[in-house]
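**Q** Just run.pdb, nothing more (PDB, C-alpha atoms):
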```
ATOM      1  CA  MET A   1      47.786  10.687 -27.255  1.00  0.00           C
ATOM      2  CA  ARG A   2      44.115  11.398 -27.810  1.00  0.00           C
ATOM      3  CA  VAL A   3      41.712  10.449 -25.070  1.00  0.00           C
ATOM      4  CA  ALA A   4      38.260   9.181 -25.991  1.00  0.00           C
ATOM      5  CA  PRO A   5      35.526  11.622 -25.017  1.00  0.00           C
ATOM      6  CA  ARG A   6      33.632  10.762 -21.879  1.00  0.00           C
ATOM      7  CA  MET A   7      30.602   8.673 -22.659  1.00  0.00           C
ATOM      8  CA  ARG A   8      27.379  10.367 -21.796  1.00  0.00           C
ATOM      9  CA  SER A   9      24.699   8.356 -20.048  1.00  0.00           C
ATOM     10  CA  ALA A  10      21.472   7.766 -21.907  1.00  0.00           C
ATOM     11  CA  PRO A  11      18.807  10.372 -21.160  1.00  0.00           C
ATOM     12  CA  ARG A  12      16.209   9.333 -18.634  1.00  0.00           C
ATOM     13  CA  PRO A  13      12.690   8.794 -19.976  1.00  0.00           C
ATOM     14  CA  PRO A  14      10.076  11.401 -19.027  1.00  0.00           C
ATOM     15  CA  CYS A  15       7.517  10.826 -16.280  1.00  0.00           C
ATOM     16  CA  PRO A  16       4.101  10.420 -17.947  1.00  0.00           C
ATOM     17  CA  ARG A  17       2.507  12.731 -15.371  1.00  0.00           C
ATOM     18  CA  CYS A  18       4.908  15.671 -14.990  1.00  0.00           C
ATOM     19  CA  TRP A  19       7.174  15.018 -18.013  1.00  0.00           C
ATOM     20  CA  ARG A  20      10.364  15.544 -16.014  1.00  0.00           C
ATOM     21  CA  PRO A  21      13.146  12.963 -16.449  1.00  0.00           C
ATOM     22  CA  SER A  22      12.632   9.945 -14.205  1.00  0.00           C
ATOM     23  CA  LYS A  23      14.594   6.950 -13.025  1.00  0.00           C
ATOM     24  CA  ALA A  24      13.000   3.643 -13.908  1.00  0.00           C
ATOM     25  CA  VAL A  25       9.664   2.681 -12.360  1.00  0.00           C
ATOM     26  CA  CYS A  26       8.741  -0.945 -13.124  1.00  0.00           C
ATOM     27  CA  LEU A  27       5.420  -1.502 -11.389  1.00  0.00           C
ATOM     28  CA  SER A  28       2.929  -3.919 -12.904  1.00  0.00           C
ATOM     29  CA  THR A  29      -0.745  -3.091 -12.399  1.00  0.00           C
ATOM     30  CA  ALA A  30      -0.974  -5.585  -9.525  1.00  0.00           C
ATOM     31  CA  ASP A  31       2.238  -4.354  -7.892  1.00  0.00           C
ATOM     32  CA  TYR A  32       1.102  -0.739  -8.149  1.00  0.00           C
ATOM     33  CA  CYS A  33      -2.292  -1.460  -6.571  1.00  0.00           C
ATOM     34  CA  GLU A  34      -0.723  -3.429  -3.725  1.00  0.00           C
ATOM     35  CA  LEU A  35       1.814  -0.669  -3.086  1.00  0.00           C
ATOM     36  CA  LEU A  36      -0.997   1.887  -3.222  1.00  0.00           C
ATOM     37  CA  GLY A  37      -2.765  -0.043  -0.460  1.00  0.00           C
ATOM     38  CA  LEU A  38       0.405  -0.130   1.646  1.00  0.00           C
ATOM     39  CA  TYR A  39       0.932   3.613   1.151  1.00  0.00           C
ATOM     40  CA  LEU A  40      -2.677   4.503   1.973  1.00  0.00           C
ATOM     41  CA  GLY A  41      -2.519   2.386   5.116  1.00  0.00           C
ATOM     42  CA  ASP A  42       0.822   2.997   6.803  1.00  0.00           C
ATOM     43  CA  GLY A  43       2.835   4.925   4.232  1.00  0.00           C
ATOM     44  CA  HIS A  44       4.102   8.489   4.239  1.00  0.00           C
ATOM     45  CA  ILE A  45       5.838  10.614   1.590  1.00  0.00           C
ATOM     46  CA  SER A  46       8.293  13.339   2.588  1.00  0.00           C
ATOM     47  CA  VAL A  47       9.423  15.965   0.093  1.00  0.00           C
ATOM     48  CA  PHE A  48      13.080  17.008  -0.163  1.00  0.00           C
ATOM     49  CA  PRO A  49      14.772  19.468  -2.541  1.00  0.00           C
ATOM     50  CA  ARG A  50      16.054  16.767  -4.913  1.00  0.00           C
ATOM     51  CA  SER A  51      13.844  13.759  -4.220  1.00  0.00           C
ATOM     52  CA  ASP A  52      10.820  12.326  -2.432  1.00  0.00           C
ATOM     53  CA  ARG A  53      11.019   9.682   0.276  1.00  0.00           C
ATOM     54  CA  LEU A  54       8.482   6.916   0.867  1.00  0.00           C
ATOM     55  CA  ARG A  55       8.367   5.285   4.302  1.00  0.00           C
ATOM     56  CA  VAL A  56       6.041   2.349   5.001  1.00  0.00           C
ATOM     57  CA  ALA A  57       5.745   1.036   8.564  1.00  0.00           C
ATOM     58  CA  PHE A  58       5.240  -2.617   9.523  1.00  0.00           C
ATOM     59  CA  ASP A  59       4.958  -4.581  12.740  1.00  0.00           C
ATOM     60  CA  SER A  60       8.247  -6.486  12.994  1.00  0.00           C
ATOM     61  CA  LYS A  61       6.428  -9.662  14.015  1.00  0.00           C
ATOM     62  CA  TYR A  62       5.457 -10.161  10.350  1.00  0.00           C
ATOM     63  CA  PRO A  63       8.795 -10.942   8.617  1.00  0.00           C
ATOM     64  CA  GLY A  64       7.076 -12.584   5.642  1.00  0.00           C
ATOM     65  CA  LEU A  65       5.029  -9.467   4.983  1.00  0.00           C
ATOM     66  CA  ILE A  66       8.123  -7.260   5.291  1.00  0.00           C
ATOM     67  CA  GLU A  67      10.030  -9.460   2.847  1.00  0.00           C
ATOM     68  CA  ARG A  68       7.149  -9.353   0.351  1.00  0.00           C
ATOM     69  CA  ALA A  69       6.945  -5.559   0.564  1.00  0.00           C
ATOM     70  CA  THR A  70      10.718  -5.223   0.244  1.00  0.00           C
ATOM     71  CA  ASN A  71      10.719  -7.312  -2.934  1.00  0.00           C
ATOM     72  CA  LEU A  72       7.793  -5.279  -4.276  1.00  0.00           C
ATOM     73  CA  LEU A  73       9.714  -2.021  -3.772  1.00  0.00           C
ATOM     74  CA  ARG A  74      12.876  -3.462  -5.308  1.00  0.00           C
ATOM     75  CA  ARG A  75      10.961  -4.576  -8.393  1.00  0.00           C
ATOM     76  CA  GLY A  76       9.189  -1.249  -8.655  1.00  0.00           C
ATOM     77  CA  PHE A  77      12.250   0.967  -8.169  1.00  0.00           C
ATOM     78  CA  PRO A  78      15.176  -1.084  -9.565  1.00  0.00           C
ATOM     79  CA  CYS A  79      17.572   1.893  -9.662  1.00  0.00           C
ATOM     80  CA  ASN A  80      16.923   2.964  -6.059  1.00  0.00           C
ATOM     81  CA  ARG A  81      18.047   1.353  -2.816  1.00  0.00           C
ATOM     82  CA  VAL A  82      15.410  -0.019  -0.457  1.00  0.00           C
ATOM     83  CA  SER A  83      16.501   0.160   3.182  1.00  0.00           C
ATOM     84  CA  GLN A  84      15.072  -0.961   6.519  1.00  0.00           C
ATOM     85  CA  VAL A  85      14.965   1.120   9.695  1.00  0.00           C
ATOM     86  CA  LEU A  86      14.062  -0.369  13.080  1.00  0.00           C
ATOM     87  CA  GLN A  87      12.193   1.745  15.612  1.00  0.00           C
ATOM     88  CA  HIS A  88      10.540   1.306  19.010  1.00  0.00           C
ATOM     89  CA  ASN A  89      13.202  -1.154  20.226  1.00  0.00           C
ATOM     90  CA  GLY A  90      12.883  -3.184  17.044  1.00  0.00           C
ATOM     91  CA  THR A  91       9.145  -3.773  17.232  1.00  0.00           C
ATOM     92  CA  MET A  92       8.531  -1.597  14.152  1.00  0.00           C
ATOM     93  CA  THR A  93      10.239  -2.003  10.777  1.00  0.00           C
ATOM     94  CA  ILE A  94      10.115   0.881   8.322  1.00  0.00           C
ATOM     95  CA  LEU A  95      10.921   0.343   4.649  1.00  0.00           C
ATOM     96  CA  VAL A  96      12.421   3.400   2.965  1.00  0.00           C
ATOM     97  CA  VAL A  97      12.923   4.247  -0.707  1.00  0.00           C
ATOM     98  CA  TYR A  98      13.788   7.530  -2.417  1.00  0.00           C
ATOM     99  CA  HIS A  99      12.508   8.525  -5.857  1.00  0.00           C
ATOM    100  CA  SER A 100      11.883  11.922  -7.387  1.00  0.00           C
ATOM    101  CA  HIS A 101       8.402  11.020  -8.700  1.00  0.00           C
ATOM    102  CA  LEU A 102       6.661   9.447  -5.707  1.00  0.00           C
ATOM    103  CA  ARG A 103       4.127  12.272  -5.610  1.00  0.00           C
ATOM    104  CA  CYS A 104       3.303  11.561  -9.259  1.00  0.00           C
ATOM    105  CA  LEU A 105       2.732   7.888  -8.436  1.00  0.00           C
ATOM    106  CA  PHE A 106       0.675   8.648  -5.327  1.00  0.00           C
ATOM    107  CA  PRO A 107      -1.225  11.923  -5.817  1.00  0.00           C
ATOM    108  CA  GLN A 108      -3.043  11.283  -2.521  1.00  0.00           C
ATOM    109  CA  HIS A 109      -0.013  12.878  -0.858  1.00  0.00           C
ATOM    110  CA  GLY A 110      -0.782  16.187   0.817  1.00  0.00           C
ATOM    111  CA  PRO A 111      -0.278  18.212   3.983  1.00  0.00           C
ATOM    112  CA  GLY A 112      -1.431  16.725   7.278  1.00  0.00           C
ATOM    113  CA  PRO A 113      -2.743  13.263   8.195  1.00  0.00           C
ATOM    114  CA  LYS A 114      -4.757  11.404   5.549  1.00  0.00           C
ATOM    115  CA  HIS A 115      -7.902  11.327   7.669  1.00  0.00           C
ATOM    116  CA  HIS A 116      -7.896  15.138   7.900  1.00  0.00           C
ATOM    117  CA  ARG A 117      -8.260  15.665   4.146  1.00  0.00           C
ATOM    118  CA  PRO A 118     -10.246  14.157   1.259  1.00  0.00           C
ATOM    119  CA  ILE A 119      -8.717  10.967  -0.133  1.00  0.00           C
ATOM    120  CA  PHE A 120      -9.939   9.660  -3.481  1.00  0.00           C
ATOM    121  CA  LEU A 121      -8.612   7.864  -6.539  1.00  0.00           C
ATOM    122  CA  GLU A 122      -7.821   9.729  -9.722  1.00  0.00           C
ATOM    123  CA  PRO A 123      -9.423   8.330 -12.912  1.00  0.00           C
ATOM    124  CA  TRP A 124      -6.237   6.588 -14.056  1.00  0.00           C
ATOM    125  CA  GLN A 125      -5.933   4.933 -10.622  1.00  0.00           C
ATOM    126  CA  GLU A 126      -9.571   3.821 -10.747  1.00  0.00           C
ATOM    127  CA  GLU A 127      -8.807   1.961 -13.988  1.00  0.00           C
ATOM    128  CA  LEU A 128      -5.850   0.174 -12.406  1.00  0.00           C
ATOM    129  CA  VAL A 129      -7.779  -0.774  -9.268  1.00  0.00           C
ATOM    130  CA  ALA A 130     -10.705  -2.007 -11.375  1.00  0.00           C
ATOM    131  CA  ALA A 131      -8.252  -4.330 -13.143  1.00  0.00           C
ATOM    132  CA  GLU A 132      -6.582  -5.575  -9.922  1.00  0.00           C
ATOM    133  CA  PRO A 133      -8.957  -5.072  -6.962  1.00  0.00           C
ATOM    134  CA  TRP A 134      -7.475  -7.996  -5.023  1.00  0.00           C
ATOM    135  CA  ALA A 135      -4.052  -6.348  -5.066  1.00  0.00           C
ATOM    136  CA  LEU A 136      -5.455  -3.198  -3.449  1.00  0.00           C
ATOM    137  CA  ILE A 137      -7.310  -5.276  -0.851  1.00  0.00           C
ATOM    138  CA  ARG A 138      -4.118  -7.208  -0.106  1.00  0.00           C
ATOM    139  CA  GLY A 139      -2.135  -4.007   0.380  1.00  0.00           C
ATOM    140  CA  LEU A 140      -4.758  -2.466   2.652  1.00  0.00           C
ATOM    141  CA  ILE A 141      -5.125  -5.625   4.758  1.00  0.00           C
ATOM    142  CA  SER A 142      -1.323  -5.877   5.014  1.00  0.00           C
ATOM    143  CA  SER A 143      -1.159  -2.362   6.444  1.00  0.00           C
ATOM    144  CA  ASP A 144      -4.384  -1.732   8.358  1.00  0.00           C
ATOM    145  CA  GLY A 145      -6.023  -5.136   8.529  1.00  0.00           C
ATOM    146  CA  SER A 146      -5.735  -8.455  10.321  1.00  0.00           C
ATOM    147  CA  SER A 147      -6.964 -12.027  10.319  1.00  0.00           C
ATOM    148  CA  PHE A 148      -7.912 -13.820  13.510  1.00  0.00           C
ATOM    149  CA  ILE A 149      -9.885 -16.716  14.941  1.00  0.00           C
ATOM    150  CA  ASN A 150     -13.275 -15.555  16.163  1.00  0.00           C
ATOM    151  CA  ARG A 151     -14.600 -17.685  19.018  1.00  0.00           C
ATOM    152  CA  THR A 152     -18.316 -17.752  19.839  1.00  0.00           C
ATOM    153  CA  GLY A 153     -19.300 -20.364  22.407  1.00  0.00           C
ATOM    154  CA  PRO A 154     -18.266 -23.789  21.058  1.00  0.00           C
ATOM    155  CA  TYR A 155     -17.618 -22.376  17.569  1.00  0.00           C
ATOM    156  CA  GLU A 156     -14.491 -20.805  16.154  1.00  0.00           C
ATOM    157  CA  TYR A 157     -13.919 -19.484  12.651  1.00  0.00           C
ATOM    158  CA  LEU A 158     -11.486 -17.341  10.725  1.00  0.00           C
ATOM    159  CA  SER A 159     -12.386 -13.667  10.271  1.00  0.00           C
ATOM    160  CA  TYR A 160     -10.779 -10.615   8.681  1.00  0.00           C
ATOM    161  CA  ASP A 161     -10.817  -7.083  10.016  1.00  0.00           C
ATOM    162  CA  PHE A 162      -9.942  -3.745   8.425  1.00  0.00           C
ATOM    163  CA  SER A 163      -9.863  -0.450  10.325  1.00  0.00           C
ATOM    164  CA  ASN A 164      -9.035   3.052   9.123  1.00  0.00           C
ATOM    165  CA  THR A 165      -9.785   6.584  10.285  1.00  0.00           C
ATOM    166  CA  SER A 166     -10.115   7.945   6.729  1.00  0.00           C
ATOM    167  CA  THR A 167     -13.577   7.741   5.177  1.00  0.00           C
ATOM    168  CA  GLY A 168     -12.015   7.911   1.712  1.00  0.00           C
ATOM    169  CA  ILE A 169      -9.663   4.973   2.310  1.00  0.00           C
ATOM    170  CA  ALA A 170     -12.415   2.901   3.942  1.00  0.00           C
ATOM    171  CA  THR A 171     -14.619   3.598   0.920  1.00  0.00           C
ATOM    172  CA  MET A 172     -11.885   2.367  -1.450  1.00  0.00           C
ATOM    173  CA  PHE A 173     -11.641  -0.862   0.537  1.00  0.00           C
ATOM    174  CA  LEU A 174     -15.406  -1.402   0.512  1.00  0.00           C
ATOM    175  CA  ASP A 175     -15.658  -0.657  -3.215  1.00  0.00           C
ATOM    176  CA  ALA A 176     -12.953  -3.229  -3.964  1.00  0.00           C
ATOM    177  CA  CYS A 177     -14.661  -5.814  -1.732  1.00  0.00           C
ATOM    178  CA  ARG A 178     -17.960  -5.336  -3.571  1.00  0.00           C
ATOM    179  CA  GLN A 179     -16.197  -5.738  -6.902  1.00  0.00           C
ATOM    180  CA  VAL A 180     -14.782  -9.159  -5.978  1.00  0.00           C
ATOM    181  CA  GLY A 181     -17.917 -10.370  -4.202  1.00  0.00           C
ATOM    182  CA  VAL A 182     -16.702 -10.154  -0.602  1.00  0.00           C
ATOM    183  CA  ARG A 183     -19.497  -9.479   1.890  1.00  0.00           C
ATOM    184  CA  TYR A 184     -18.761  -7.464   5.010  1.00  0.00           C
ATOM    185  CA  ARG A 185     -20.185  -5.702   8.057  1.00  0.00           C
ATOM    186  CA  ILE A 186     -19.201  -2.101   8.705  1.00  0.00           C
ATOM    187  CA  ASN A 187     -19.326  -0.018  11.841  1.00  0.00           C
ATOM    188  CA  LEU A 188     -18.284   3.542  12.598  1.00  0.00           C
ATOM    189  CA  ASN A 189     -16.763   3.591  16.074  1.00  0.00           C
ATOM    190  CA  ARG A 190     -17.644   7.156  17.022  1.00  0.00           C
ATOM    191  CA  ARG A 191     -15.683   7.001  20.261  1.00  0.00           C
ATOM    192  CA  ARG A 192     -12.472   6.368  18.333  1.00  0.00           C
ATOM    193  CA  ASP A 193     -13.713   8.001  15.101  1.00  0.00           C
ATOM    194  CA  ILE A 194     -12.627   4.955  13.101  1.00  0.00           C
ATOM    195  CA  TRP A 195     -14.245   2.807  10.409  1.00  0.00           C
ATOM    196  CA  GLN A 196     -14.223  -0.899  11.287  1.00  0.00           C
ATOM    197  CA  VAL A 197     -14.963  -3.522   8.630  1.00  0.00           C
ATOM    198  CA  ARG A 198     -15.473  -7.163   9.574  1.00  0.00           C
ATOM    199  CA  ILE A 199     -15.472 -10.062   7.076  1.00  0.00           C
ATOM    200  CA  ASN A 200     -16.642 -13.344   8.603  1.00  0.00           C
ATOM    201  CA  ARG A 201     -19.051 -15.063   6.199  1.00  0.00           C
ATOM    202  CA  ARG A 202     -17.535 -18.366   5.091  1.00  0.00           C
ATOM    203  CA  PRO A 203     -17.626 -17.801   1.288  1.00  0.00           C
ATOM    204  CA  SER A 204     -16.082 -14.330   1.685  1.00  0.00           C
ATOM    205  CA  VAL A 205     -13.461 -15.572   4.143  1.00  0.00           C
ATOM    206  CA  ALA A 206     -12.558 -18.335   1.687  1.00  0.00           C
ATOM    207  CA  LEU A 207     -12.024 -15.717  -1.031  1.00  0.00           C
ATOM    208  CA  MET A 208      -9.893 -13.592   1.286  1.00  0.00           C
ATOM    209  CA  LEU A 209      -7.835 -16.608   2.301  1.00  0.00           C
ATOM    210  CA  GLU A 210      -7.241 -17.510  -1.354  1.00  0.00           C
ATOM    211  CA  HIS A 211      -6.342 -14.039  -2.639  1.00  0.00           C
ATOM    212  CA  VAL A 212      -4.976 -12.227   0.426  1.00  0.00           C
ATOM    213  CA  GLY A 213      -3.734 -14.981   2.723  1.00  0.00           C
ATOM    214  CA  ILE A 214      -2.706 -14.713   6.368  1.00  0.00           C
ATOM    215  CA  LYS A 215      -0.259 -12.095   7.634  1.00  0.00           C
ATOM    216  CA  SER A 216       2.960 -13.754   8.687  1.00  0.00           C
TER     217      SER A 216
END
```
Turn the structure described in the file into structure tokens.
**A**
Amino acid sequence: MRVAPRMRSAPRPPCPRCWRPSKAVCLSTADYCELLGLYLGDGHISVFPRSDRLRVAFDSKYPGLIERATNLLRRGFPCNRVSQVLQHNGTMTILVVYHSHLRCLFPQHGPGPKHHRPIFLEPWQEELVAAEPWALIRGLISSDGSSFINRTGPYEYLSYDFSNTSTGIATMFLDACRQVGVRYRINLNRRRDIWQVRINRRPSVALMLEHVGIKS
């Protein structure tokens, strides 16, 4: 009896950056920019012999944000498993995904902490961010930002805050805010060596509330 030859799987398409075969990456422009913001804020790429690993950390008190990021990763990497790891007695949730072309997607990866080396967008990333600046802002606020009620005497009003120790990442955030018409105040806290951006003008807060929302 003749046995049918073993079917060969279809060849993987090449990565447009390094031209090596790649599993599927299905990131829309908005999804990519939001994931870029999450990576620049609290993400880290580790390099292994056969793959790269992306880990993005979240405060566990924001289950809605974690669910949104999980769905984003599942859409973006449909052939790879997205897992959750709890740390610090469950107060921190880390999303983990493996893919062999994470460094191609995020060329900001490099040795050492991000604030110890230059961080800037490559031209092709600048085009994507210019098309979806709100998505980048949303990703950065989700990782290194917050919204809170500011109380001054008898008055109280919603404000947004973004803090980062990298001048390059802070500059990306400010550039995106200018593009969408969000006004801000910026301060360099030299004691902590951190950039602090405050958004509290009503028209700008209304824009942030519409396009970014409240962390939950």
**Q** Can you list, as a VMD selection string, the residues that the PyMOL selection byres ((chain A and resi 85) around 12) selects here?
**A** chain A and resid 55 to 60 66 82 to 84 86 to 97
**Q** Give, as AutoDock Vina command-line options, the centre coordinates and the x, y and z edge lengths in Å to one decimal for an axis-aligned box around all listed atoms of segment 202-207 of chain A, padded by 6 Å on each side.
**A**
```
--center_x -14.8 --center_y -16.3 --center_z 2.0 --size_x 17.6 --size_y 16.0 --size_z 18.1
```
**Q** In Å, how far is it from atom CA of Glu122 of chain A to atom CA of Arg68 of chain A?
**A**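 That distance, rounded to one decimal, is 26.3 Å.
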**Q** So the first atom is atom CA of Gln108 of chain A and the second is atom CA of Ala176 of chain A; what is the distance between them in Å, to one decimal place?
**A**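 Computing the Euclidean distance for atom CA of Gln108 of chain A and atom CA of Ala176 of chain A yields 17.6 Å.
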**Q** For the structure shown, which residues end up in the PyMOL selection byres ((chain A and resi 166) around 10)? Put them as a list in words, please?
**A**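 Applied to this file, the PyMOL selection byres ((chain A and resi 166) around 10) returns Leu40, Gly41, Pro113, Lys114, His115, His116, Arg117, Pro118, Ile119, Ser163, Asn164, Thr165, Thr167, Gly168, Ile169, Ala170, Thr171, Asp193, Ile194 and Trp195 of chain A.
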**Q** Specify as a PyMOL selection string each residue included when the PyMOL selection byres ((chain A and resi 37) around 9) is applied to this file.
**A** chain A and resi 32-36+38-43+135-143+169+173
**Q** Keeping only C-alpha atoms, write the selected residues as a CSV table (one decimal), keeping the file's coordinate frame.
**A**
```
chain,number,residue,atom,x,y,z
A,32,TYR,CA,1.1,-0.7,-8.1
A,33,CYS,CA,-2.3,-1.5,-6.6
A,34,GLU,CA,-0.7,-3.4,-3.7
A,35,LEU,CA,1.8,-0.7,-3.1
A,36,LEU,CA,-1.0,1.9,-3.2
A,38,LEU,CA,0.4,-0.1,1.6
A,39,TYR,CA,0.9,3.6,1.2
A,40,LEU,CA,-2.7,4.5,2.0
A,41,GLY,CA,-2.5,2.4,5.1
A,42,ASP,CA,0.8,3.0,6.8
A,43,GLY,CA,2.8,4.9,4.2
A,135,ALA,CA,-4.1,-6.3,-5.1
A,136,LEU,CA,-5.5,-3.2,-3.4
A,137,ILE,CA,-7.3,-5.3,-0.9
A,138,ARG,CA,-4.1,-7.2,-0.1
A,139,GLY,CA,-2.1,-4.0,0.4
A,140,LEU,CA,-4.8,-2.5,2.7
A,141,ILE,CA,-5.1,-5.6,4.8
A,142,SER,CA,-1.3,-5.9,5.0
A,143,SER,CA,-1.2,-2.4,6.4
A,169,ILE,CA,-9.7,5.0,2.3
A,173,PHE,CA,-11.6,-0.9,0.5
```
**Q** When you draw a straight line from atom CA of Cys26 of chain A to atom CA of Met172 of chain A, how long is it in Å?
**A**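 These two atoms are separated by 23.9 Å.
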**Q** Show me, as a PDB file with C-alpha atoms, in the coordinates of the input, the residues that have an atom within 12 Å of Leu209 of chain A when counting only C-alpha atoms, minus same-chain residues fewer than 2 positions from it.
**A**
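As a result, selection_5.pdb now contains:
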```pdb
ATOM      1  CA  TRP A 134      -7.475  -7.996  -5.023  1.00  0.00           C
ATOM      2  CA  ILE A 137      -7.310  -5.276  -0.851  1.00  0.00           C
ATOM      3  CA  ARG A 138      -4.118  -7.208  -0.106  1.00  0.00           C
ATOM      4  CA  ILE A 141      -5.125  -5.625   4.758  1.00  0.00           C
ATOM      5  CA  SER A 146      -5.735  -8.455  10.321  1.00  0.00           C
ATOM      6  CA  SER A 147      -6.964 -12.027  10.319  1.00  0.00           C
ATOM      7  CA  PHE A 148      -7.912 -13.820  13.510  1.00  0.00           C
ATOM      8  CA  LEU A 158     -11.486 -17.341  10.725  1.00  0.00           C
ATOM      9  CA  SER A 159     -12.386 -13.667  10.271  1.00  0.00           C
ATOM     10  CA  TYR A 160     -10.779 -10.615   8.681  1.00  0.00           C
ATOM     11  CA  VAL A 182     -16.702 -10.154  -0.602  1.00  0.00           C
ATOM     12  CA  ILE A 199     -15.472 -10.062   7.076  1.00  0.00           C
ATOM     13  CA  ASN A 200     -16.642 -13.344   8.603  1.00  0.00           C
ATOM     14  CA  ARG A 201     -19.051 -15.063   6.199  1.00  0.00           C
ATOM     15  CA  ARG A 202     -17.535 -18.366   5.091  1.00  0.00           C
ATOM     16  CA  PRO A 203     -17.626 -17.801   1.288  1.00  0.00           C
ATOM     17  CA  SER A 204     -16.082 -14.330   1.685  1.00  0.00           C
ATOM     18  CA  VAL A 205     -13.461 -15.572   4.143  1.00  0.00           C
ATOM     19  CA  ALA A 206     -12.558 -18.335   1.687  1.00  0.00           C
ATOM     20  CA  LEU A 207     -12.024 -15.717  -1.031  1.00  0.00           C
ATOM     21  CA  HIS A 211      -6.342 -14.039  -2.639  1.00  0.00           C
ATOM     22  CA  VAL A 212      -4.976 -12.227   0.426  1.00  0.00           C
ATOM     23  CA  GLY A 213      -3.734 -14.981   2.723  1.00  0.00           C
ATOM     24  CA  ILE A 214      -2.706 -14.713   6.368  1.00  0.00           C
ATOM     25  CA  LYS A 215      -0.259 -12.095   7.634  1.00  0.00           C
TER      26      LYS A 215
END
```
**Q** So which one's closest to Gln125 of chain A, A:Ile45, A:Ala24, A:Cys18, A:Ala30? Using all atoms listed in the file, please.
**A**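 So, comparing all the options, the nearest one is A:Ala30.
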**Q** Hey, which of A:Arg190, A:Glu126, A:Gly110, A:Ser216 ends up closest to Pro63 of chain A? Count all atoms listed in the file.
**A** A:Ser216
**Q** Looking at A:Cys15, A:Val197, A:Cys79, A:Leu73, which one is nearest to Phe162 of chain A, with distances taken over all atoms listed in the file?
**A**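 Under the stated criterion, the closest residue is A:Val197.
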**Q** Counting all atoms listed in the file, which of A:Leu54, A:Ile186, A:Ile149, A:Leu27 gets nearest to Phe77 of chain A?
**A**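 Going through A:Leu54, A:Ile186, A:Ile149, A:Leu27 one by one, the smallest distance to Phe77 of chain A is for A:Leu27.
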**Q** Nearest residue to Arg20 of chain A out of A:Cys104, A:Tyr184, A:Thr70, A:Arg53, using all atoms listed in the file?
**A**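 Distance minimum relative to Arg20 of chain A lands on A:Cys104.
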**Q** Counting all atoms listed in the file, which of A:Pro133, A:Pro111, A:Gly64, A:Pro154 gets nearest to Arg178 of chain A?
**A**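 For Arg178 of chain A, the nearest of the candidates is A:Pro133.
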